[in-house]
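J.: Questions regarding the structure given below will be posed in turn.
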Amino acid sequence: MPTARLLIGPVLRRVVGSSATVWVETSGPALVRVETPDGASGEAPTFTAFDHHYALVVVTGLTPGTAAPYHVFLDSEQVWPEPGGKFPPSVIRTRPAGDLGARLVFGSCRETTQHATARKLPPDALDAYSRRLMASVGAGRPGERGGPADAADWPDLLVLLGDQVYADQTSPTVRKLLRRRRDRSAGAPADQVVSFDEYTKLYLESWRDPEIRWLLSTVPSVMIFDDHEIIDDWNTSAPWRTETHRQPWWPERISSGLASYWVYQHLGNLEPDEIAADPVYAKVVAAEDATSVLREFGERVDAEATGYDAALGRGESPAEAAPPGRYQWSYSLDVGRTRLVVLDNRCSRVLDRTHRAMLPPAEWSWFTDQVHGEYDHLVVGSSLPWLLPPGIHHLESWNERLADSDRPRVAAFAERLRRAFDLEHWAAFRRSFDALAQVFVRLGSGPAGQPGDRVGAGPAYPPPASISVLSGDVHHSYVARARFPGGPTATPVHQLTCSPIHNQIPVPMRPMLRLGWWRGPSVVARALARAAGVRRPPVRWRKLDGPYFGNAVSTLRHEGRSAEVTIEGTAPDGTLHTVARRTLTR
């Protein structure tokens, strides 16, 4: 018997060319090895932090165009697949040479597993998707005709867009554990996690859900946080940050939240060739015990954001205020001819009133660099929707203007509204909202060989066939089409929102969200914003599908220069049904 057990995983993260990464958490130190029958393999010793043990294994030597079952060993003892497992084999699926298409499955907001929650929520959409994928495997063995290597709907990537765990809305099981603890930070909320060890219980509960465990073991995944990985309204405003930092338990909460996010989610976002170059990873694997490394890292990341705003408030320029070597959570990758850029909408926000923005200038410059290049489709992953119902958009922009008022009572009133109604999306960061619209206009204008071409380090490129913003957060799903003044762009631009995977929006809020799409309420909200001095948005948009308020998962398909999105909701029996299907290209 192995001295260590497999606690969470294996989680298949990135598959790039003939390499892949597999993440695990174990009960003790071990040498983790991953092997496939055709000779591909990789191994890594676990690293230790906060008395927990993890490894990210780089598997090399994979054969293109195959779906290879794999085994996981701890100190030479096989621990995966588990003996007597009822699910299909976990596989690493590589793309065949010349496959230029992409199939991205996406969604957000999964409140623990349906096996643990006490709430009467609709069936979990990701569980339902996993069960359907398992059924498709039964058509043939991996790699054979009809097996997963050939299935037309087999996803290339699972894109999870925030609230993978809820630190501030815990299950009865986790709350019971918290009540038994005697060493918690002073004043720590009784029903919320604060320490790193408490965070690990959230992932243990969520990712050991049998269907989710299998899905994560066999479909590559990338992730980005939203607020509930840390706390509701995280970094909504400068006053919020000031008030929250006064709480005696906050330093442990933020450092533990960021450190656990790095371990469980962000590390696997890196490509196999990028892992060794990550400055945090190098320190973690070099340390006998990486507890202090990760604690200091979490503290430093939060301090960098706070210090940057403080320097701007003292009158320093953005360039002078920027800390050297600031850690970046945003990332970019290619799947076939699709470019996916996933943006941090939370941690790196600029909250200084005169420079308020979703991203600091250096990271925004990185983003604009990433969207140049040779590809057919651009996908921007943003945990928060860029395009909201228009009426709500105008209210958020109005609220941002009032919160910036020099009159203390007006600003305080606006701040209370902001927190009460979560008025904190791109519309509440109008500088960034407008800048993103300008990027899309620049990318999507003009035929090939014309001044509107995208220009990168090399020659000019024609506009992409589609631009899609994937989002979650708002607990309802919809498709919206953007239109820009001055005539249509060559590239269709869409907002694709899919949320929640497993949660539920309060019933009284649903009429307000529906009204937000109606012309009458939108005109009134726009008039209110205009009266406060808010300029007209540089883009107009209309809803094509939705809103749908059930649990859902969506699939974005790119084949050649065509694009299509499908939103699927859960039925009471736990199966999926199509809510909307929309072609996104001309």
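Ligands are numbered from 1 in the order shown, chains are lettered A, B, ... in the order of the structure tokens, and residues start at 1 in each chain.
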Can you list, as a list in words, every protein, DNA or RNA residue that comes within 8 Å of Phe440 in chain A when you count only C-alpha atoms, leaving out same-chain residues fewer than 4 positions away?

T.: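 The filter keeps Leu436, Gly444, Ile467 and Val493 of chain A.
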
J.: I need the residues from that last selection saved to file as a PDB file, in the first residue's frame (with N, CA, C and O atoms), if you can.

T.:
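Final output, saved to selection.pdb:
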ATOM      1  N   LEU A 436     -12.318  48.684 -23.891  1.00  0.00           N
ATOM      2  CA  LEU A 436     -12.531  47.376 -24.494  1.00  0.00           C
ATOM      3  C   LEU A 436     -13.328  47.500 -25.791  1.00  0.00           C
ATOM      4  O   LEU A 436     -13.033  46.816 -26.785  1.00  0.00           O
ATOM      5  N   GLY A 444     -11.914  44.605 -35.351  1.00  0.00           N
ATOM      6  CA  GLY A 444     -12.945  44.091 -36.233  1.00  0.00           C
ATOM      7  C   GLY A 444     -13.283  44.939 -37.421  1.00  0.00           C
ATOM      8  O   GLY A 444     -14.247  44.647 -38.138  1.00  0.00           O
ATOM      9  N   ILE A 467     -15.665  37.745 -32.553  1.00  0.00           N
ATOM     10  CA  ILE A 467     -15.152  38.143 -31.242  1.00  0.00           C
ATOM     11  C   ILE A 467     -16.241  37.824 -30.233  1.00  0.00           C
ATOM     12  O   ILE A 467     -17.387  38.265 -30.382  1.00  0.00           O
ATOM     13  N   VAL A 493     -19.418  40.982 -32.916  1.00  0.00           N
ATOM     14  CA  VAL A 493     -18.970  40.966 -31.521  1.00  0.00           C
ATOM     15  C   VAL A 493     -20.159  40.584 -30.653  1.00  0.00           C
ATOM     16  O   VAL A 493     -21.221  41.223 -30.723  1.00  0.00           O
TER      17      VAL A 493
END

J.: Find the residues of range 121-220 of chain A that sit at most 7 Å from range 561-585 of chain A; for each, write down the nearest two atoms and how far apart they are in Å, to one decimal. Count only C-alpha atoms. Sort by chain, then by number going up, and give it as JSON lines.

T.:
{"residue": "A:Pro122", "atom": "CA", "partner": "A:Pro572", "partner_atom": "CA", "distance": 6.9}
{"residue": "A:Pro123", "atom": "CA", "partner": "A:Gly574", "partner_atom": "CA", "distance": 5.4}
{"residue": "A:Ala125", "atom": "CA", "partner": "A:Thr570", "partner_atom": "CA", "distance": 5.7}
{"residue": "A:Ala128", "atom": "CA", "partner": "A:Thr575", "partner_atom": "CA", "distance": 5.6}

J.: May I have the residues from that selection written out with N, CA and C atoms, as a PDB file, in the first residue's frame?

T.:
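Saved file part-v2.pdb follows:
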ATOM      1  N   PRO A 122     -31.695  23.648  -8.440  1.00  0.00           N
ATOM      2  CA  PRO A 122     -31.872  22.785  -9.614  1.00  0.00           C
ATOM      3  C   PRO A 122     -30.631  21.920  -9.820  1.00  0.00           C
ATOM      4  N   PRO A 123     -30.738  20.846 -10.608  1.00  0.00           N
ATOM      5  CA  PRO A 123     -29.594  19.952 -10.802  1.00  0.00           C
ATOM      6  C   PRO A 123     -28.365  20.689 -11.325  1.00  0.00           C
ATOM      7  N   ALA A 125     -25.450  21.637 -13.517  1.00  0.00           N
ATOM      8  CA  ALA A 125     -25.275  21.532 -14.971  1.00  0.00           C
ATOM      9  C   ALA A 125     -23.984  20.835 -15.342  1.00  0.00           C
ATOM     10  N   ALA A 128     -24.453  17.159 -14.975  1.00  0.00           N
ATOM     11  CA  ALA A 128     -25.242  16.667 -16.105  1.00  0.00           C
ATOM     12  C   ALA A 128     -24.385  16.552 -17.359  1.00  0.00           C
TER      13      ALA A 128
END

J.: Once DSSP has gone over the backbone, tell me which residues of range 13-168 of chain A are in strand (DSSP E or B), as number ranges by chain.

T.: A: 13-16, 19-26, 31-35, 41-45, 47-49, 52-60, 67-69, 71-74, 77-80, 91-93, 102-107, 110, 157-160

J.: Do a neighbour search on range 483-491 of chain A at 10 Å with only C-alpha atoms, toss out local chain neighbours closer than 6 positions, and write the hits as a list of chain:residue names.

T.: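 So, after excluding close chain neighbours, the residues are A:His377, A:Ala437, A:Gln438, A:Phe440, A:Val441, A:Arg442, A:Leu443, A:Gly444, A:Ser445, A:Gly446, A:Pro447, A:Gly452, A:Pro462, A:Pro463, A:Pro464, A:Ala465, A:Ser466, A:Ile467, A:Pro537, A:Pro538, A:Val539, A:Arg540, A:Trp541, A:Arg542, A:Leu584, A:Thr585, A:Arg586.
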
J.: Contacts of range 22-36 of chain A at 9 Å or less, counting only C-alpha atoms, minus same-chain residues fewer than 5 places along, as a ChimeraX atom specification?

T.: /A:2-14,41-48,51-59,62,68-76,91-92,217,264,267-268

J.: My list of candidates is A:Asp233, A:Asp434, A:Glu363, A:Asp124. Which is closest to Gln504 in chain A when distances are computed with only C-alpha atoms?

T.: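 The answer is A:Asp124, which sits nearest to Gln504 in chain A.
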